[in-house]
Amino acid sequence: MKTRIESILSRPDVQSWVEALGWGLLVLWFVLSAAIKIGLYRNGVAVGDIFLHANAMANSHFPGKLLYTAAYQVERGITSLLQDHFQPTSLLLIPLFHLFGTPIFLILIQALGPLFLVGALWVTGRRFGASRRLILAVALFTLYNAMFLKAVVDGPGGYRHDAQFLVYLPLFLASFLARRWLPTILFLFLYMGIKEDAAFYPIAFGVAVLLFGLPVAHDRRLTLTVVALATAYFILSVFYIPAWIHSPNIYVHSGMSKIGTGLIYEAAHGFIKSNWYNFYLYFIYVILCLPFFLAGALDVAVLSIMSRPASLYYDFSIVIFFAFGMLLVLTTLNRATGRVARIRRLLWIAFGIQLIVVVPVGLAAFHHTWRKSMEAAVTVPAADTEAAWKMVDKACTVSPADALLQRFYRLPYWVRPRAAEHARTVVMVDPGLYPPQALWRDHIHGFVAANRARLRLVGRAGPVSVWLDPKAPCLP
């Protein structure tokens with residue numbers, strides 16, 4: 001017999017209101033994500049990888065300079081982001097970046113990338129008989145997770161090339177579950193072409209599918225093909241391609257250096273310390289669909305050993321796998337009979353309570369992230385920034401303060417403040433303009449103070465000053 005609450009929820013008018021509320025919360029998430037990220041960019045908070053990639057894309061010229069950046073040339077002796085992580089998929093962004101002509105394009109990839117996850121969940125759920133309300137519930141449950149939400153907002157970073165996982169991994173999983181060979185292989189390679197560790201996931205997922213199966217029909221030959229291709233790609237991208245493109249592959253070397261005695265302890269300690277366990281508890285229902293639950297185990301183990309936090313872009317892939325697994329688990333439970341059907345009500349109650357709690361917690365996380373990030377906001381008068389831009393010799397290396405990068409990021413020989421000793425020209429913002437939370441990030445004023453005897457003042461515009469280092473070479 002239905003309870004009174006179930007009777008109320010089953011009424012058509014109530015269901016319509018619930019669905020409308022779900023869509024409203026979904027739209028609100030994307031509005032807040034995009035607005036906060038653009039706001040942090042415009043207030044000088046987002047100064048990290050966003051400008052590294054914007055600079056590389058602005059200075060890409062086929063065929064000689066692809067994702068070229070002098071920042072890495074002077075810091076690590078490599079001339080392209082392709083030699084940092086082997087990321088050929090990022091090449092597809094270059095024409096789009098030039099079309100939009102602003103780093104905000106990259107910010108929106110990360111802010112709105114989860115739209116592909118929602119769309120893929122929708123197509124997959126409808127294919128296997130899930131109701132619209134169930135798909136909405138899983139999407140909201142995933143997006144309003146506080147750690148995932150913080151990873152998407154990513155105040156100081158702005159954009160990470162891992163944000164492309166949000167686009168291609170959902171498309172790969174939706175194609176795989178639909179047993180579509182061509183799009184599955186296409187999106188598999190686009191996904192793996194973002195970063196080396198991406199291959200971990202289809203390998204682990206495919207092996208687990210072969211061992212444990214899925215609650216829906218799947219193509220065994222396609223699964224074997226995915227595992228074989230992912231394994232081959234991983235071996236090439238980690239052990240052979242770096243040698244061919246003269247890349248030091250410091251990330252693999254760093255990970256390998258952690259391997260030794262006490263490995264299990266280090267992995268377990270990092271798993272707890274870096275908060276990876278939170279995802280496994282949060283998406284606990286996915287344990288009923290082992291391929292999705294185990295897909296990220298290998299990469300999470302490596303990230304735990306390397307102490308990479310779960311609240312940053314490292315969590316994109318595992319959240320996507322968990323979201324798909326959760327959708328299939330809940331869809332399957334709806335059709336279950338016998339003993340499983342008897343525990344279905346308890347699972348639905350637990351999921352409903354969790355969803356009711358997670359939405360306000362997610363909204364609070366949006367507010368907290370915005371408030372804390374804005375404590376590092378820096379605003380430099382546009383007229384002074386423009387005047388400094390005109391004083392700079394753009395044919396030589398230039399190291400501008402991070403607060404000026406919205407104007408200076410296109411420099412052909414941009415050097416980051418941490419390597420200012422390699423720059424011919426240094427552009428400083430007076431320390432008095434920075435709030436305490438932002439001052440520690442700026443290395444330029446410390447460099448100028450320590451090397452004042454050899455630097456020559458080119459000119460000043462308000463709080464911005466331009467300095468020439470006669471001892472630094474013009475080019476890297």
# chains A, B, ... in the order shown; residues from 1 in each chain; ligands from 1
>>> residues_around(residues="Leu112 (chain A)", least_positions_apart="2", cutoff="10 Å", atoms="only C-alpha atoms", output="list in words")
Trp29, Phe30, Val31, Ser33, Ala34, Ile107, Leu108, Ile109, Gln110, Pro114, Leu115, Phe116, Leu117, Val152, Ala163, Leu166 and Val167 of chain A
>>> write_last_selection(atoms="N, CA, C and O atoms", output="short mmCIF file (atom, residue, chain, number, x, y, z; two decimals), in the first residue's frame")
data_model
loop_
_atom_site.label_atom_id
_atom_site.label_comp_id
_atom_site.auth_asym_id
_atom_site.auth_seq_id
_atom_site.Cartn_x
_atom_site.Cartn_y
_atom_site.Cartn_z
N TRP A 29 22.21 25.97 -12.07
CA TRP A 29 23.58 25.50 -11.89
C TRP A 29 24.48 26.05 -12.99
O TRP A 29 25.57 26.56 -12.71
N PHE A 30 24.03 25.97 -14.23
CA PHE A 30 24.86 26.44 -15.34
C PHE A 30 24.99 27.96 -15.35
O PHE A 30 26.06 28.49 -15.68
N VAL A 31 23.94 28.65 -14.98
CA VAL A 31 24.01 30.12 -14.90
C VAL A 31 25.03 30.53 -13.85
O VAL A 31 25.88 31.40 -14.08
N SER A 33 27.48 28.71 -12.54
CA SER A 33 28.83 28.27 -12.92
C SER A 33 29.46 29.25 -13.90
O SER A 33 30.60 29.70 -13.70
N ALA A 34 28.76 29.60 -14.96
CA ALA A 34 29.31 30.51 -15.97
C ALA A 34 29.50 31.91 -15.40
O ALA A 34 30.55 32.54 -15.63
N ILE A 107 37.10 29.49 -20.67
CA ILE A 107 36.40 29.45 -19.39
C ILE A 107 35.03 28.82 -19.56
O ILE A 107 34.58 28.01 -18.72
N LEU A 108 34.35 29.16 -20.63
CA LEU A 108 33.00 28.62 -20.85
C LEU A 108 33.03 27.13 -21.19
O LEU A 108 32.05 26.42 -20.94
N ILE A 109 34.14 26.65 -21.77
CA ILE A 109 34.25 25.21 -22.00
C ILE A 109 34.16 24.47 -20.67
O ILE A 109 33.47 23.45 -20.55
N GLN A 110 34.85 24.98 -19.67
CA GLN A 110 34.82 24.33 -18.36
C GLN A 110 33.51 24.58 -17.63
O GLN A 110 32.98 23.69 -16.97
N PRO A 114 29.74 20.45 -18.55
CA PRO A 114 28.80 19.45 -18.02
C PRO A 114 27.48 19.37 -18.78
O PRO A 114 26.71 18.43 -18.55
N LEU A 115 27.20 20.32 -19.67
CA LEU A 115 26.02 20.18 -20.53
C LEU A 115 26.09 18.90 -21.35
O LEU A 115 25.07 18.25 -21.60
N PHE A 116 27.29 18.54 -21.78
CA PHE A 116 27.46 17.30 -22.54
C PHE A 116 27.16 16.09 -21.66
O PHE A 116 26.60 15.09 -22.13
N LEU A 117 27.52 16.18 -20.39
CA LEU A 117 27.20 15.09 -19.46
C LEU A 117 25.70 14.96 -19.29
O LEU A 117 25.15 13.85 -19.38
N VAL A 152 34.84 22.46 -11.10
CA VAL A 152 34.41 23.17 -12.30
C VAL A 152 34.68 24.67 -12.16
O VAL A 152 35.20 25.31 -13.09
N ALA A 163 39.23 19.93 -18.78
CA ALA A 163 37.81 20.26 -18.96
C ALA A 163 37.23 19.60 -20.20
O ALA A 163 36.02 19.39 -20.29
N LEU A 166 34.94 16.62 -19.87
CA LEU A 166 33.51 16.85 -19.68
C LEU A 166 32.74 16.76 -20.99
O LEU A 166 31.53 16.52 -21.00
N VAL A 167 33.44 16.95 -22.09
CA VAL A 167 32.82 16.89 -23.42
C VAL A 167 32.89 15.48 -24.00
O VAL A 167 31.87 14.89 -24.37
#
>>> select_by_dssp(residues="region 129-268 of chain A", states="helix (DSSP H, G or I)", output="NGL selection string")
:A and (132-143 or 146-153 or 161-177 or 181-192 or 196-212 or 220-244 or 250-257 or 263-268)
>>> residues_around(residues="Leu186 (chain A)", least_positions_apart="5", cutoff="10 Å", atoms="only C-alpha atoms", output="MDAnalysis selection string")
chainID A and resid 168 171:172 175 181 191
>>> closest_residue(among="A:Gly193, A:Pro309, A:Pro470, A:Gly129", to="Thr397 (chain A)", atoms="only C-alpha atoms")
A:Pro470
>>> closest_residue(among="A:Phe128, A:Phe148, A:Phe292, A:Tyr434", to="Ile203 (chain A)", atoms="only C-alpha atoms")
A:Phe292
>>> closest_atom_pairs(of="region 67-186 of chain A", to="region 319-322 of chain A", cutoff="10 Å", atoms="only C-alpha atoms", output="CSV")
residue,atom,partner,partner_atom,distance
A:Pro114,CA,A:Ile320,CA,9.1
A:Leu117,CA,A:Ile320,CA,7.1
A:Val118,CA,A:Ile320,CA,9.9
A:Leu121,CA,A:Ile320,CA,9.6
A:Thr142,CA,A:Val319,CA,7.4
A:Leu143,CA,A:Val319,CA,9.2
A:Asn145,CA,A:Val319,CA,9.5
A:Met147,CA,A:Val319,CA,9.9
A:Phe148,CA,A:Val319,CA,7.4
A:Phe165,CA,A:Ile320,CA,8.8
A:Leu166,CA,A:Ile320,CA,7.6
A:Leu169,CA,A:Ile320,CA,7.4
A:Pro170,CA,A:Ile320,CA,6.8
A:Leu173,CA,A:Phe321,CA,8.3
